[in-house]
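Participant: Have a look at this one before I ask anything.
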Amino acid sequence: MELGTLAIDVCLFIALFFEVFLLIAFFERKPSTKTREMPKHFPSITMVVPCFNEEKTLKSTIESLLQLEYPKEKLSIMIVDDGSKDNTRKISEELAKQYRQVEYVFKENGGKYTALNLAIERVQTDLIGCLDADSFVVKDALIEAVKKFESDPAVMAITPAMKVHKPTTILELMQSVEYTFGIFYKKMFDNLAALNVLPGPFSIYRKEVFQKIGLFRHAHNTEDMEIAFRMHAHGLKIVNAHTALVYTTVPTTLRSLIKQRTRWSQGFLQNSRDYSYMFFNPRFGHFGMFVLPFGFVAFFAGLFTAMYAAYHLIQATSMRALDMYLTQIPPHLSPVSNNLNWFYLNTTMTSFLILVTFSMTIVAIFLGSKIADSKITAKSLFSYFAFFGFIAPFWLARAAWGAALARESKWR
Amino acid sequence: MRTMNWQKYALAFIITAAIFGTAFYIAYRLDRARIADIRATQEAISIDILSTETQFDLLGRLDCSAISENPVLSDELNSLAERLSIAEQNLGADDADVIALKKQYSLLQIKDYLLMQEISTKCKNVKPVFVLYFYSNKGDCPSCSRAGEVLTYLRQTYPDLRIYSFDYHLDLSALHTLESLRRVNGEKLPAFVINDRMPIYGFKSLDEMRTLIPELKNLATSSTALLNP
């Protein structure tokens, strides 16, 4: 067997093991359905909205928070302006004037983590939530999150189920399927007590988390990932509230998408290096034994597979062009009967494994849509399978390059 | 320290390995089915050839009109080369079954070639154009695959063109005899023997092949063959 094909089979084994492991986790404990039950107590909470030049979406984000089904006296909203240059300040001041729940704080630009830390140092509520200024919560999201804290005192932070806000373009539809897949695997990571990120849109912490492990760090521009790593390092429990829904806007251009994902991927690599002692360390449970190593291997396996496929595609295309030039055979189609005959189908072990991996990904996406009660259209599925595999290698390569050079990734 | 459920890892590994095993088994069974398919086709062709030979022996003459309408080298033998090539790609050139099938295929081609030569001598209305093509897939003939493409295209264009392809290095005494009879030098592959002329060596483009085989002008093309059945 050719060495490259062997390496692809190894990558497929890893991908299949990952999917099988998550499916086992799913069948062990299926996600619960939403109930009408209300929490017995309503802890006080401050929702922090860090923002930098968010004039387009800030108002809608704050309005979605104001519409949360939660006692008004228990819910405060703090907009922390990280030195915006646009109309963010004006909009925020108007909102603060209009609603007593809303407080506006302006600071010099220092990065998202500094905005969050400023808020954490000021507030005295039981819980502190974070909501990116381009995201919108569903009315009962906070109730659903609080129920998780109430059901288990050991829970120190919760993550929501994230969906894409009104996807219309091919790029947005592609991301909507990716987020749906994310809903599935994040819920399974929850089953394994191994959630690896507390995303900007609607993650909520007990105040004591920061007293125990300190404030947010720069963390290679992925403070939401690093805080999850640090919580695992200190044995603090993170759970996923899959019934707490939040909609987030996603990059609308290829350039901004690649930039965002490069930051995430590079952040993963660099945080993994900072927390390398957790890899294959059973002291950190499935997070150390499964999520971290597989995330790391998947990164390079994805990169290798893309490079291998690109190399063969370029080689085959150039060889074909050279053959046509040298043989002088005019372009023609093979006899149709050959294409229909089973004999000529690609039936190698690798092609069957690709088919199984593909089918299991569809199952995972379907389960993700069931968990979050969302609909997946044929168009969005097509967008995902037709384009994701071609686009993702760009940010993987850029992230690997950036991490190798220890170059800082960009926010926007 | 958190409690670890190692059973989950073992179970996931077993299931993944089982999926791999199943994929390997299905691929293996289909490859064997291909071999069986090729073998069955070869047996059918073998019977065809034997039948023509027997008819020749029994009657001492041939029904020339029947031969010109129903050539011995059937479409099946044409497609057999492609099928054998697929099996060779999947199972490898060193696979014992593939080698055995290639030997059998080469023998069938030689028999068909000899028979057609005899027929062309006896029947004035049958004037076949032969190309004996010698290739190597041992890495010493980089342009053999391109030469094969040109011949495949010619065969598709001129259904009456009789192309016989041989792996020069195949360990088959009948083939070695043919090679020495036609004075084919294995160090200059690819080699072409057109009708009874001297071997031509090296890659030839489509236009060059057309110049080398002027008899092609007298053969019907696939489109005219379809229009005038």
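Following the order of the structure tokens, first chain is A, next is B, and so on, with residues numbered from 1 inside each chain and ligands from 1 in the order they appear.
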Which residues are near segment 315-321 of chain A? Cut-off 12 Å, only C-alpha atoms, ignore same chain within fewer than 4 positions. Put them as an NGL selection string.
Facilitator: (:A and (307-311 or 325-331)) or (:B and (143 or 145-146 or 149))
Participant: I'd like a table as JSON lines: residues in chain B with an atom no more than 9 Å from chain A, each row giving the shortest atom pair and its distance in Å to one decimal, only C-alpha atoms counted, sorted by chain and rising residue number.
Facilitator:
```
{"residue": "B:Met1", "atom": "CA", "partner": "A:Arg283", "partner_atom": "CA", "distance": 4.8}
{"residue": "B:Arg2", "atom": "CA", "partner": "A:Gly285", "partner_atom": "CA", "distance": 5.4}
{"residue": "B:Thr3", "atom": "CA", "partner": "A:Gly285", "partner_atom": "CA", "distance": 6.7}
{"residue": "B:Met4", "atom": "CA", "partner": "A:Gly285", "partner_atom": "CA", "distance": 5.8}
{"residue": "B:Asn5", "atom": "CA", "partner": "A:His286", "partner_atom": "CA", "distance": 8.5}
{"residue": "B:Lys8", "atom": "CA", "partner": "A:Phe21", "partner_atom": "CA", "distance": 7.1}
{"residue": "B:Tyr9", "atom": "CA", "partner": "A:Phe21", "partner_atom": "CA", "distance": 7.1}
{"residue": "B:Leu11", "atom": "CA", "partner": "A:Phe21", "partner_atom": "CA", "distance": 8.2}
{"residue": "B:Ala12", "atom": "CA", "partner": "A:Phe21", "partner_atom": "CA", "distance": 5.2}
{"residue": "B:Phe13", "atom": "CA", "partner": "A:Phe17", "partner_atom": "CA", "distance": 6.4}
{"residue": "B:Ile15", "atom": "CA", "partner": "A:Val20", "partner_atom": "CA", "distance": 7.3}
{"residue": "B:Thr16", "atom": "CA", "partner": "A:Phe17", "partner_atom": "CA", "distance": 5.6}
{"residue": "B:Ala17", "atom": "CA", "partner": "A:Phe13", "partner_atom": "CA", "distance": 8.0}
{"residue": "B:Ile19", "atom": "CA", "partner": "A:Leu353", "partner_atom": "CA", "distance": 7.8}
{"residue": "B:Phe20", "atom": "CA", "partner": "A:Leu353", "partner_atom": "CA", "distance": 7.1}
{"residue": "B:Thr22", "atom": "CA", "partner": "A:Met349", "partner_atom": "CA", "distance": 8.8}
{"residue": "B:Ala23", "atom": "CA", "partner": "A:Met349", "partner_atom": "CA", "distance": 5.2}
{"residue": "B:Phe24", "atom": "CA", "partner": "A:Met349", "partner_atom": "CA", "distance": 5.1}
{"residue": "B:Tyr25", "atom": "CA", "partner": "A:Met349", "partner_atom": "CA", "distance": 8.2}
{"residue": "B:Ile26", "atom": "CA", "partner": "A:Met349", "partner_atom": "CA", "distance": 7.7}
{"residue": "B:Ala27", "atom": "CA", "partner": "A:Thr348", "partner_atom": "CA", "distance": 5.4}
{"residue": "B:Tyr28", "atom": "CA", "partner": "A:Met349", "partner_atom": "CA", "distance": 8.2}
{"residue": "B:Leu30", "atom": "CA", "partner": "A:Thr347", "partner_atom": "CA", "distance": 7.3}
{"residue": "B:Asp31", "atom": "CA", "partner": "A:Thr347", "partner_atom": "CA", "distance": 8.1}
{"residue": "B:Ala33", "atom": "CA", "partner": "A:Phe343", "partner_atom": "CA", "distance": 8.9}
{"residue": "B:Arg34", "atom": "CA", "partner": "A:Phe343", "partner_atom": "CA", "distance": 6.6}
{"residue": "B:Asp37", "atom": "CA", "partner": "A:Phe343", "partner_atom": "CA", "distance": 8.8}
{"residue": "B:Arg83", "atom": "CA", "partner": "A:Phe343", "partner_atom": "CA", "distance": 7.5}
{"residue": "B:Ile86", "atom": "CA", "partner": "A:Tyr344", "partner_atom": "CA", "distance": 7.3}
{"residue": "B:Asn90", "atom": "CA", "partner": "A:Thr348", "partner_atom": "CA", "distance": 7.3}
{"residue": "B:Arg146", "atom": "CA", "partner": "A:Asp323", "partner_atom": "CA", "distance": 6.5}
{"residue": "B:Ala147", "atom": "CA", "partner": "A:Thr327", "partner_atom": "CA", "distance": 7.7}
{"residue": "B:Glu149", "atom": "CA", "partner": "A:Thr327", "partner_atom": "CA", "distance": 7.8}
{"residue": "B:Val150", "atom": "CA", "partner": "A:Thr327", "partner_atom": "CA", "distance": 6.3}
{"residue": "B:Tyr153", "atom": "CA", "partner": "A:Ile329", "partner_atom": "CA", "distance": 7.4}
{"residue": "B:Gln156", "atom": "CA", "partner": "A:Pro335", "partner_atom": "CA", "distance": 8.7}
{"residue": "B:Phe203", "atom": "CA", "partner": "A:Thr327", "partner_atom": "CA", "distance": 8.8}
{"residue": "B:Lys204", "atom": "CA", "partner": "A:Thr327", "partner_atom": "CA", "distance": 7.5}
{"residue": "B:Ser205", "atom": "CA", "partner": "A:Thr327", "partner_atom": "CA", "distance": 4.5}
{"residue": "B:Leu206", "atom": "CA", "partner": "A:Thr327", "partner_atom": "CA", "distance": 5.7}
{"residue": "B:Asp207", "atom": "CA", "partner": "A:Gln328", "partner_atom": "CA", "distance": 7.2}
```
Participant: What residues in segment 4-220 of chain B get the DSSP label strand (DSSP E)? Please answer as a PyMOL selection string.
Facilitator: chain B and resi 129-135+161-167+191-194+200-201
Participant: Residues at most 12 Å from segment 117-122 of chain A, counting only C-alpha atoms, excluding those fewer than 6 positions away in the same chain, as a ChimeraX atom specification?
Facilitator: /A:45-50,76-82,103-111,128-130,204-211,214-218,223
Participant: Can you measure atom CA of Glu150 of chain A to atom CA of Pro39 of chain A for me? One decimal in Å is fine.
Facilitator: 7.0 Å
Participant: Work out how far atom CA of Phe192 of chain B is from atom CA of Ile49 of chain B, in Å to one decimal.
Facilitator: 24.1 Å
Participant: Which residues, written as a ChimeraX atom specification, have at least one atom at most 6 Å from segment 155-166 of chain A, with only C-alpha atoms counted and residues fewer than 2 positions away on the same chain left out?
Facilitator: /A:149,152-153,176,183,198,203-206,237-242,244-249
Participant: Please, what distance in Å, to one decimal, runs between atom CA of Ser151 of chain A and atom CA of Phe184 of chain A?
Facilitator: 21.8 Å
Participant: Among the residues of segment 116-173 of chain B, find those DSSP assigns to alpha helix (DSSP H) from the backbone and print them as a short mmCIF file (atom, residue, chain, number, x, y, z; two decimals) with all heavy atoms, in the first residue's frame.
Facilitator:
```
data_model
loop_
_atom_site.label_atom_id
_atom_site.label_comp_id
_atom_site.auth_asym_id
_atom_site.auth_seq_id
_atom_site.Cartn_x
_atom_site.Cartn_y
_atom_site.Cartn_z
N MET B 116 -6.73 -15.22 -36.72
CA MET B 116 -7.11 -14.15 -37.64
C MET B 116 -6.14 -14.05 -38.82
O MET B 116 -6.55 -13.73 -39.94
CB MET B 116 -7.17 -12.80 -36.90
CG MET B 116 -8.41 -12.61 -36.09
SD MET B 116 -9.96 -12.90 -36.98
CE MET B 116 -9.97 -11.55 -38.14
N GLN B 117 -4.87 -14.34 -38.56
CA GLN B 117 -3.89 -14.34 -39.66
C GLN B 117 -4.26 -15.42 -40.68
O GLN B 117 -4.22 -15.20 -41.88
CB GLN B 117 -2.49 -14.60 -39.09
CG GLN B 117 -1.82 -13.34 -38.59
CD GLN B 117 -0.32 -13.44 -38.60
OE1 GLN B 117 0.21 -14.49 -38.25
NE2 GLN B 117 0.35 -12.39 -39.00
N GLU B 118 -4.63 -16.58 -40.14
CA GLU B 118 -5.02 -17.69 -41.00
C GLU B 118 -6.29 -17.34 -41.80
O GLU B 118 -6.39 -17.59 -42.99
CB GLU B 118 -5.26 -18.94 -40.15
CG GLU B 118 -5.13 -20.21 -40.94
CD GLU B 118 -4.83 -21.39 -40.04
OE1 GLU B 118 -4.62 -21.20 -38.83
OE2 GLU B 118 -4.84 -22.50 -40.55
N ILE B 119 -7.22 -16.74 -41.09
CA ILE B 119 -8.49 -16.35 -41.73
C ILE B 119 -8.22 -15.34 -42.85
O ILE B 119 -8.77 -15.45 -43.95
CB ILE B 119 -9.48 -15.77 -40.69
CG1 ILE B 119 -9.97 -16.89 -39.77
CG2 ILE B 119 -10.66 -15.09 -41.36
CD1 ILE B 119 -10.66 -16.40 -38.52
N SER B 120 -7.34 -14.38 -42.56
CA SER B 120 -7.07 -13.34 -43.57
C SER B 120 -6.40 -13.92 -44.81
O SER B 120 -6.57 -13.41 -45.92
CB SER B 120 -6.22 -12.21 -42.98
OG SER B 120 -4.97 -12.71 -42.61
N THR B 121 -5.64 -15.03 -44.62
CA THR B 121 -5.01 -15.69 -45.76
C THR B 121 -6.07 -16.40 -46.60
O THR B 121 -6.04 -16.37 -47.84
CB THR B 121 -3.98 -16.73 -45.27
OG1 THR B 121 -3.30 -16.21 -44.16
CG2 THR B 121 -2.98 -17.09 -46.35
N LYS B 122 -7.01 -17.04 -45.92
CA LYS B 122 -8.00 -17.86 -46.63
C LYS B 122 -9.15 -17.03 -47.20
O LYS B 122 -9.68 -17.34 -48.25
CB LYS B 122 -8.59 -18.91 -45.68
CG LYS B 122 -7.54 -19.80 -45.03
CD LYS B 122 -7.56 -21.18 -45.58
CE LYS B 122 -6.36 -21.96 -45.08
NZ LYS B 122 -6.39 -23.33 -45.34
N CYS B 144 4.60 4.25 -21.51
CA CYS B 144 3.71 3.15 -21.89
C CYS B 144 2.24 3.47 -21.65
O CYS B 144 1.38 3.08 -22.44
CB CYS B 144 4.10 1.87 -21.15
SG CYS B 144 5.43 0.97 -21.98
N SER B 145 1.95 4.17 -20.51
CA SER B 145 0.54 4.44 -20.23
C SER B 145 -0.05 5.37 -21.30
O SER B 145 -1.20 5.21 -21.70
CB SER B 145 0.36 5.03 -18.83
OG SER B 145 0.89 6.32 -18.78
N ARG B 146 0.75 6.34 -21.76
CA ARG B 146 0.28 7.25 -22.81
C ARG B 146 0.08 6.49 -24.13
O ARG B 146 -0.89 6.72 -24.84
CB ARG B 146 1.28 8.38 -23.03
CG ARG B 146 1.08 9.50 -22.08
CD ARG B 146 1.92 10.70 -22.41
NE ARG B 146 2.05 11.48 -21.20
CZ ARG B 146 3.18 11.69 -20.55
NH1 ARG B 146 4.31 11.22 -21.02
NH2 ARG B 146 3.20 12.37 -19.44
N ALA B 147 1.02 5.59 -24.42
CA ALA B 147 0.90 4.79 -25.65
C ALA B 147 -0.38 3.95 -25.59
O ALA B 147 -1.11 3.82 -26.58
CB ALA B 147 2.12 3.89 -25.79
N GLY B 148 -0.67 3.42 -24.38
CA GLY B 148 -1.89 2.63 -24.18
C GLY B 148 -3.13 3.47 -24.41
O GLY B 148 -4.11 3.00 -25.00
N GLU B 149 -3.07 4.74 -23.98
CA GLU B 149 -4.22 5.64 -24.17
C GLU B 149 -4.50 5.86 -25.66
O GLU B 149 -5.65 5.87 -26.09
CB GLU B 149 -3.94 6.99 -23.52
CG GLU B 149 -4.32 7.05 -22.06
CD GLU B 149 -4.26 8.48 -21.53
OE1 GLU B 149 -4.88 9.36 -22.13
OE2 GLU B 149 -3.58 8.67 -20.52
N VAL B 150 -3.42 6.08 -26.41
CA VAL B 150 -3.57 6.32 -27.85
C VAL B 150 -4.22 5.09 -28.51
O VAL B 150 -5.16 5.21 -29.30
CB VAL B 150 -2.20 6.63 -28.51
CG1 VAL B 150 -2.32 6.68 -30.03
CG2 VAL B 150 -1.66 7.95 -27.98
N LEU B 151 -3.74 3.89 -28.14
CA LEU B 151 -4.28 2.67 -28.74
C LEU B 151 -5.73 2.44 -28.33
O LEU B 151 -6.56 2.00 -29.14
CB LEU B 151 -3.42 1.46 -28.34
CG LEU B 151 -2.01 1.45 -28.97
CD1 LEU B 151 -1.21 0.27 -28.45
CD2 LEU B 151 -2.09 1.38 -30.49
N THR B 152 -6.04 2.74 -27.05
CA THR B 152 -7.43 2.59 -26.59
C THR B 152 -8.34 3.50 -27.42
O THR B 152 -9.43 3.09 -27.83
CB THR B 152 -7.54 2.95 -25.09
OG1 THR B 152 -6.63 2.13 -24.38
CG2 THR B 152 -8.94 2.74 -24.56
N TYR B 153 -7.86 4.73 -27.62
CA TYR B 153 -8.67 5.68 -28.42
C TYR B 153 -8.85 5.16 -29.84
O TYR B 153 -9.96 5.23 -30.40
CB TYR B 153 -8.01 7.05 -28.42
CG TYR B 153 -8.80 8.08 -29.17
CD1 TYR B 153 -9.94 8.67 -28.60
CD2 TYR B 153 -8.46 8.45 -30.47
CE1 TYR B 153 -10.69 9.59 -29.30
CE2 TYR B 153 -9.22 9.37 -31.18
CZ TYR B 153 -10.32 9.94 -30.59
OH TYR B 153 -11.08 10.86 -31.28
N LEU B 154 -7.77 4.62 -30.41
CA LEU B 154 -7.86 4.09 -31.78
C LEU B 154 -8.84 2.93 -31.85
O LEU B 154 -9.62 2.80 -32.79
CB LEU B 154 -6.47 3.64 -32.26
CG LEU B 154 -5.52 4.75 -32.72
CD1 LEU B 154 -4.15 4.18 -33.03
CD2 LEU B 154 -6.08 5.45 -33.97
N ARG B 155 -8.80 2.09 -30.82
CA ARG B 155 -9.69 0.92 -30.81
C ARG B 155 -11.15 1.35 -30.71
O ARG B 155 -12.04 0.75 -31.32
CB ARG B 155 -9.31 0.00 -29.63
CG ARG B 155 -10.12 -1.27 -29.60
CD ARG B 155 -9.36 -2.42 -29.02
NE ARG B 155 -8.97 -2.20 -27.64
CZ ARG B 155 -8.14 -3.00 -26.97
NH1 ARG B 155 -7.62 -4.05 -27.54
NH2 ARG B 155 -7.82 -2.76 -25.72
N GLN B 156 -11.37 2.45 -29.88
CA GLN B 156 -12.74 2.95 -29.76
C GLN B 156 -13.20 3.58 -31.08
O GLN B 156 -14.37 3.48 -31.46
CB GLN B 156 -12.82 4.00 -28.64
CG GLN B 156 -12.84 3.38 -27.25
CD GLN B 156 -12.62 4.42 -26.16
OE1 GLN B 156 -12.59 5.61 -26.41
NE2 GLN B 156 -12.45 3.95 -24.94
N THR B 157 -12.26 4.24 -31.77
CA THR B 157 -12.61 4.92 -33.03
C THR B 157 -12.79 3.93 -34.18
O THR B 157 -13.67 4.09 -35.01
CB THR B 157 -11.53 5.96 -33.38
OG1 THR B 157 -11.22 6.70 -32.20
CG2 THR B 157 -11.99 6.92 -34.46
N SER B 173 5.97 -18.63 -21.94
CA SER B 173 6.85 -19.07 -23.02
C SER B 173 6.29 -18.73 -24.41
O SER B 173 7.03 -18.32 -25.30
CB SER B 173 7.13 -20.57 -22.90
OG SER B 173 5.91 -21.26 -22.82
#
```
Participant: Of the candidates A:Leu142, A:Ile376, A:Ile371, A:Ala133, which shows the shortest atom-to-atom distance to Lys112 of chain A, using only C-alpha atoms?
Facilitator: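 Selected residue with least distance to Lys112 of chain A: A:Ala133.
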Participant: What's around Pro71 of chain A at 10 Å? Count only C-alpha atoms, leave out sequence neighbours fewer than 2 positions away in its own chain, and write the answer as a short mmCIF file (atom, residue, chain, number, x, y, z; two decimals) with N, CA, C and O atoms, in the first residue's frame.
Facilitator:
```
data_model
loop_
_atom_site.label_atom_id
_atom_site.label_comp_id
_atom_site.auth_asym_id
_atom_site.auth_seq_id
_atom_site.Cartn_x
_atom_site.Cartn_y
_atom_site.Cartn_z
N PHE A 42 -33.77 32.54 41.93
CA PHE A 42 -33.21 33.30 40.80
C PHE A 42 -31.96 34.03 41.27
O PHE A 42 -32.08 35.10 41.90
N PRO A 43 -30.81 33.47 41.04
CA PRO A 43 -29.59 34.16 41.48
C PRO A 43 -29.40 35.47 40.71
O PRO A 43 -29.85 35.61 39.57
N SER A 44 -28.74 36.42 41.36
CA SER A 44 -28.48 37.69 40.67
C SER A 44 -27.41 37.45 39.60
O SER A 44 -26.50 36.63 39.77
N LEU A 68 -35.24 38.98 28.17
CA LEU A 68 -35.08 37.68 28.85
C LEU A 68 -36.14 37.51 29.92
O LEU A 68 -36.45 38.46 30.67
N GLU A 69 -36.69 36.30 30.02
CA GLU A 69 -37.69 36.01 31.05
C GLU A 69 -36.95 35.79 32.37
O GLU A 69 -36.56 34.65 32.68
N GLU A 73 -35.04 42.79 38.69
CA GLU A 73 -34.16 43.24 39.77
C GLU A 73 -32.94 42.31 39.95
O GLU A 73 -31.98 42.66 40.62
N LYS A 74 -33.03 41.14 39.34
CA LYS A 74 -31.92 40.19 39.47
C LYS A 74 -30.97 40.22 38.26
O LYS A 74 -29.93 39.60 38.27
N LEU A 75 -31.39 40.93 37.22
CA LEU A 75 -30.60 40.92 35.98
C LEU A 75 -30.06 42.32 35.65
O LEU A 75 -30.83 43.26 35.47
#
```
Participant: Pick out the closest residue to Lys90 of chain A from this set: A:Val146, A:Ile170, A:Leu58, A:Met278. Count only C-alpha atoms.
Facilitator: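 Result for the nearest residue to Lys90 of chain A: A:Leu58.
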Participant: A:Arg263, A:Arg29, A:Lys56, A:Lys34: which is nearest Met188 of chain A, counting only C-alpha atoms?
Facilitator: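 Using only C-alpha atoms, Met188 of chain A sits closest to A:Arg29.
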